[in-house]
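Colleague: Next up is a structure, given as structure tokens.
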Amino acid sequence: MPFRWNPELKPEEITPEEWFKQRRRLMRSAALVGAGAVLGVDPLAAMEKGGAGLGEVRPGVVTLNEKQTSFQDASGYCNFYELGSGKEDPARQAATLVTRPWSVWIDGEVGRPGRVTLEELLKPHPLEERVYRMRCVEAWSMVIPWVGFPLAELLKRFEPGPKARYVAFETVLDPERLPGQKRELLPWPYREGLRLDEAMHPLTILAVGMYGRVLPNQNGAPLRLVVPWKYGFKSIKSIVRISLTTEQPVTSWNAHAPSEYGFYANVNPAVSHPRWDQSKERRIGEFLRRDTLPFNGYGDQVAGLYAGMDLTRDF
Amino acid sequence: MQRLQRYGWLSGLIPLVWLVLGVWQNTLGANPVERLIRVSGDWALWWLLLTLAISPLRHLTGWSGWNRWRRPLGLLCFFYALLHVTCYGVLEHFFSWEGIWRDLLKRPYITVGFCAFLLLLPLAITSTRGWMRRLGNRWGRLHLLIYPAALLVIGHYVLMTKADYRMPLLHAGVLGGLLGWRVWYVITYRIM
Ligand code: HEM
């Protein structure tokens with residue numbers, strides 16, 4: 001199963017032909033170098049040695065014909081309140097977040113609950129590159145090449161039970177490693193959640209890298225969620241727990257200010273926030289603001305998930 | 001000393017020079033527009049607080065020379081507020097009056113900031129000798145508008161803040177001190 005194409009992706013969102021050919025060449029040469037290399041490499045080996053490589057990554061599984069944000073901006077300008085509330089604080093503070101050893105609890109309505117090390121968690125999943133738009137609720141956006149794998153693949157491994165309807169995520173709670181947790185700006189640990197169908201959607205991934213390298217700590221190392229059609233705060237960082245639940249889980253920003261941040265938090269230019277008019281956004285690196293697209297431009301793939309819902313009420 | 005009095009206000013343009021160089025050399029970070037708006041807003045507020053610090057300073061030190069700095073500080077406040085609002089109008093909305101109007105209606109912190117700016121405007125206009133003479137006693141009463149303006153600016157800052165209220169509260173504390181001193185002064189010396 002070389003590629004999991006999402007058949008509904010619009011042509012302009014998928015790889016241009018030359019890239020596609022180049023990718024085929026890359027794949028072939030990888031296969032020549034060593035059959036099974038794709039699955040056999042430990043993607044974390046490079047991290048262990050302090051390098052920035054990620055082992056084998058299938059390039060361009062989902063790409064975009066939009067200019068990518070520079071690595072410097074994507075790693076230097078971000079929100080990670082556990083590492084400081086200014087946009088440049090997380091990069092400065094990043095070293096306090098020790099990410100090894102790391103393990104993740106997977107529990108709740110699953111057939112095989114338990115705690116797995118990061119290495120065990122990642123092992124069966126071939127890594128792939130996915131270039132996504134990232135739209136922050138603060139009306140700025142980026143284009144980031146993530147490296148990861150579909151969350152659905154992981155969830156299937158742990159066998160969601162018949163009663164599972166939601167997936168809840170938690171960031172590590174450790175004020176030594178995440179000093180921002182010493183002040184109760186938000187109810188820590190940071191929590192996020194998705195409806196099970198959103199979590200199983202092929203665009204939803206768990207990322208371990210970006211720009212072909214291991215995730216920088218400030219970007220949510222070693223394991224984070226990426227849900228490209230939702231505001232960035234849904235894409236929880238530094239995950240240590242994934243629970244399948246029957247009830248809609250409590251999520252941090254929603255609990256902090258329910259009238260401002262909804263549970264769904266789908267990118268929606270029609271629903272404005274008291275501080276940020278959501279109809280436009282500043283793409284980092286661009287001078288003037290551009291129009292914000294419904295579902296961040298992924299409407300053709302995901303709008304169906306919300307058929308019949310009033311998204312101005314369930315924002 | 002004479003010269004310091006005449007040209008000292010020029011040092012108030014250092015932040016502007018720093019911003020212009022930052023734009024020029026692209027050293028304002030990933031989101032230079034946000035940086036421009038925030039830094040100019042910060043300075044507008046700081047000049048405002050310094051303007052309000054003159055009377056307490058004069059009283060505490062017994063030196064009336066402080067008074068000379070009140071007008072340049074007030075004008076620097078207005079100048080940076082104007083820069084702040086211009087950056088917003090041009091870089092956020094690119095002169096789209098419709099967009100600005102929608103913001104004024106929909107985003108409370110913009111509404112409040114706009115009211116603060118409206119209050120500062122007549123103060124800047126009437127800051128000349130000529131206007132002082134023409135308005136006579138009413139000049140002082142008009143310039144009491146600086147108090148509601150300062151409160152609105154703090155409101156603007158609080159309302160634009162996402163979750164970490166330390167900075168707006170710190171500024172609110174400083175303003176509280178400056179206003180509190182006036183209350184104390186008025187009561188103690190039974191001026192009213
Ligand atoms: C029409 C009037 C005004 C508009 C449209 C306006 C707009 C803005 C905007 C867009 C921001 C940045 C929000 C962000 O980055 O998320 C801001 C922040 C700010 N503004 Fe204004 N503003 C106005 C008037 C004023 C005035 C008159 C002052 C002070 C005298 C002021 C002081 C500030 C301060 C201190 C901040 C916070 C800066 C920071 O976070 O460091 N604003 N304003």
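FYI, nothing fancy with the structure tokens labels: chains A, B, ... in order, residues from 1 per chain, ligands from 1 as they appear.
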Please list as a PyMOL selection string every residue within 6 Å of range 136-152 of chain A, counting only C-alpha atoms and excluding residues in the same chain fewer than 5 positions away.
Modeller: chain A and resi 68-69+127-131+200+204-211+231-232+281-284
Colleague: Given a cut-off of 8 Å, which residues of chain B touch chain A, counting only C-alpha atoms, written out as a list in words?
Modeller: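 Per the criterion, chain B yields Gly29, Ala30, Asn31, Leu91, Glu92, His93, Phe94, Asp103, Lys106, Arg107, Pro108, Tyr109, Leu159, Met160, Ala163 and Asp164 of chain B.
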Colleague: Could you go through range 111-179 of chain B and tell me which residues DSSP, when run on the backbone, assigns to alpha helix (DSSP H), listing them as a ChimeraX atom specification?
Modeller: /B:111-125,129-135,137-142,146-160,166-179
Colleague: Give me a file of those residues, with C-alpha atoms, as a short mmCIF file (atom, residue, chain, number, x, y, z; two decimals), in the first residue's frame.
Modeller:
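Below you can see again_6.cif, which holds the result:
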data_model
loop_
_atom_site.label_atom_id
_atom_site.label_comp_id
_atom_site.auth_asym_id
_atom_site.auth_seq_id
_atom_site.Cartn_x
_atom_site.Cartn_y
_atom_site.Cartn_z
CA THR B 111 -14.18 50.26 19.59
CA VAL B 112 -12.65 51.22 22.92
CA GLY B 113 -9.26 52.09 21.36
CA PHE B 114 -11.02 54.26 18.83
CA CYS B 115 -12.86 56.17 21.57
CA ALA B 116 -9.55 56.72 23.35
CA PHE B 117 -8.05 58.05 20.14
CA LEU B 118 -11.02 60.38 19.60
CA LEU B 119 -10.46 61.84 23.08
CA LEU B 120 -6.74 62.37 22.46
CA LEU B 121 -7.32 64.13 19.16
CA PRO B 122 -8.69 67.47 20.51
CA LEU B 123 -5.97 67.49 23.17
CA ALA B 124 -3.28 67.32 20.50
CA ILE B 125 -4.97 69.95 18.35
CA ARG B 129 -0.04 78.46 22.66
CA GLY B 130 -2.68 80.03 20.45
CA TRP B 131 -5.33 77.51 21.48
CA MET B 132 -4.35 77.82 25.11
CA ARG B 133 -4.90 81.55 24.91
CA ARG B 134 -8.14 81.27 22.99
CA LEU B 135 -9.64 78.69 25.35
CA ASN B 137 -10.03 78.58 31.54
CA ARG B 138 -11.77 76.09 29.36
CA TRP B 139 -8.40 74.74 28.16
CA GLY B 140 -7.73 73.11 31.50
CA ARG B 141 -11.20 71.63 31.63
CA LEU B 142 -10.88 70.25 28.09
CA ILE B 146 -6.77 62.76 29.36
CA TYR B 147 -8.22 60.84 32.32
CA PRO B 148 -11.05 59.08 30.50
CA ALA B 149 -8.67 58.58 27.56
CA ALA B 150 -6.13 56.84 29.78
CA LEU B 151 -8.81 54.61 31.30
CA LEU B 152 -10.07 53.69 27.84
CA VAL B 153 -6.55 52.81 26.70
CA ILE B 154 -6.19 50.44 29.63
CA GLY B 155 -9.59 48.98 28.75
CA HIS B 156 -8.39 48.59 25.15
CA TYR B 157 -5.30 46.74 26.38
CA VAL B 158 -7.25 44.44 28.70
CA LEU B 159 -9.81 43.62 26.01
CA MET B 160 -7.17 42.77 23.39
CA ARG B 166 0.01 40.46 33.56
CA MET B 167 1.08 43.28 31.25
CA PRO B 168 -2.26 45.13 31.01
CA LEU B 169 -2.69 44.80 34.78
CA LEU B 170 0.79 46.14 35.41
CA HIS B 171 -0.07 49.22 33.34
CA ALA B 172 -3.45 49.48 35.05
CA GLY B 173 -1.57 49.48 38.35
CA VAL B 174 0.69 52.32 37.26
CA LEU B 175 -2.28 54.34 36.02
CA GLY B 176 -4.09 53.54 39.28
CA GLY B 177 -1.14 54.95 41.21
CA LEU B 178 -1.05 58.14 39.15
CA LEU B 179 -4.79 58.68 39.48
#
Colleague: What does the structure give for the distance between atom 37 (C, counted along the ligand's line) of ligand 1 and CA of Arg191 in chain A, in Å to one decimal?
Modeller: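 Distance reported for this atom pair: 28.2 Å.
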Colleague: Hey, which of B:Thr128, B:Thr51, B:Asn67, B:Asn26 ends up closest to ligand 1? Count only C-alpha atoms and all ligand atoms.
Modeller: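 For ligand 1, the nearest of the candidates is B:Thr51.
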Colleague: Rank B:Gln25, B:Gln2, B:Ser96, B:Ser40 by their smallest atom-to-atom distance to ligand 1, using only C-alpha atoms and all ligand atoms, and report the top residue only.
Modeller: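 Checking each of B:Gln25, B:Gln2, B:Ser96, B:Ser40 against ligand 1, counting only C-alpha atoms and all ligand atoms, the winner is B:Ser40.
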Colleague: If you run DSSP over the backbone, which residues in range 171-254 of chain A end up strand (DSSP E)? Put them as a ChimeraX atom specification.
Modeller: /A:171,191-195,205-210,213-214,224-226,239-245
Colleague: Have a look at B:Val17, B:Leu50, B:Leu60, B:Ile100 and name the one nearest to ligand 1; count only C-alpha atoms and all ligand atoms.
Modeller: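 For ligand 1, the nearest of the candidates is B:Ile100.
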Colleague: Grab the CA of Val61 in chain A to CA of Leu223 in chain A distance for me, in Å with one decimal place.
Modeller: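 Separation between CA of Val61 in chain A and CA of Leu223 in chain A: 19.1 Å.
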Colleague: Identify, on the basis of only C-alpha atoms, every residue whose closest approach to Asp174 in chain A does not exceed 10 Å; exclude the query and any residue fewer than 4 positions from it along the same chain; express the result as a list of chain:residue names.
Modeller: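 My list of contacting residues is A:Glu82, A:Leu97, A:Leu178, A:Pro179, A:Gly180, A:Gln181, A:Lys182, A:Trp188, A:Pro189.
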Colleague: Quick one: of B:Thr86, B:Ser11, B:Gln5, B:Ser64, who's nearest to ligand 1, counting only C-alpha atoms and all ligand atoms?
Modeller: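 Using only C-alpha atoms and all ligand atoms, the shortest distance to ligand 1 belongs to B:Thr86.
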Colleague: Which is closer to Leu155 in chain A than all the others in A:Pro187, A:Pro269, A:Gly111, A:Gly297, using only C-alpha atoms?
Modeller: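 So, comparing all the options, the nearest one is A:Gly111.
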Colleague: Hey, which of B:Gly136, B:Gly180, B:Pro32, B:Gly41 ends up closest to ligand 1? Count only C-alpha atoms and all ligand atoms.
Modeller: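 Residue with the minimum atom-to-atom distance to ligand 1: B:Gly41.
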Colleague: Excluding Arg195 in chain A and its own-chain neighbours fewer than 2 positions away, which residues fall within 9 Å of it when counting only C-alpha atoms? Please give them as an mmCIF file with N, CA and C atoms, in the first residue's frame.
Modeller:
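This went into part-v3.cif:
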data_model
loop_
_atom_site.group_PDB
_atom_site.id
_atom_site.type_symbol
_atom_site.label_atom_id
_atom_site.label_comp_id
_atom_site.auth_asym_id
_atom_site.auth_seq_id
_atom_site.Cartn_x
_atom_site.Cartn_y
_atom_site.Cartn_z
ATOM 1 N N ARG A 165 -17.113 7.510 21.043
ATOM 2 C CA ARG A 165 -17.660 8.546 20.164
ATOM 3 C C ARG A 165 -16.724 9.748 20.031
ATOM 4 N N TYR A 166 -15.833 9.904 20.995
ATOM 5 C CA TYR A 166 -14.914 11.054 20.971
ATOM 6 C C TYR A 166 -13.510 10.575 21.292
ATOM 7 N N VAL A 167 -12.527 11.411 20.937
ATOM 8 C CA VAL A 167 -11.153 11.135 21.324
ATOM 9 C C VAL A 167 -10.650 12.337 22.123
ATOM 10 N N ALA A 168 -10.111 12.073 23.307
ATOM 11 C CA ALA A 168 -9.586 13.150 24.154
ATOM 12 C C ALA A 168 -8.072 13.042 24.193
ATOM 13 N N GLY A 193 -9.838 17.698 22.085
ATOM 14 C CA GLY A 193 -10.679 16.563 21.743
ATOM 15 C C GLY A 193 -11.256 16.689 20.356
ATOM 16 N N ASP A 197 -15.332 10.608 14.321
ATOM 17 C CA ASP A 197 -15.238 10.670 12.852
ATOM 18 C C ASP A 197 -14.216 11.714 12.394
ATOM 19 N N GLU A 198 -14.072 12.796 13.167
ATOM 20 C CA GLU A 198 -13.042 13.788 12.827
ATOM 21 C C GLU A 198 -11.653 13.185 13.031
ATOM 22 N N ALA A 199 -11.527 12.439 14.127
ATOM 23 C CA ALA A 199 -10.235 11.829 14.446
ATOM 24 C C ALA A 199 -9.848 10.792 13.397
ATOM 25 N N MET A 200 -10.842 10.094 12.848
ATOM 26 C CA MET A 200 -10.569 9.038 11.878
ATOM 27 C C MET A 200 -10.410 9.589 10.459
ATOM 28 N N GLN A 248 -18.506 14.036 25.090
ATOM 29 C CA GLN A 248 -17.630 15.077 24.543
ATOM 30 C C GLN A 248 -16.650 15.533 25.619
ATOM 31 N N TYR A 264 -15.754 22.652 18.462
ATOM 32 C CA TYR A 264 -15.410 22.253 17.095
ATOM 33 C C TYR A 264 -14.270 23.095 16.542
#
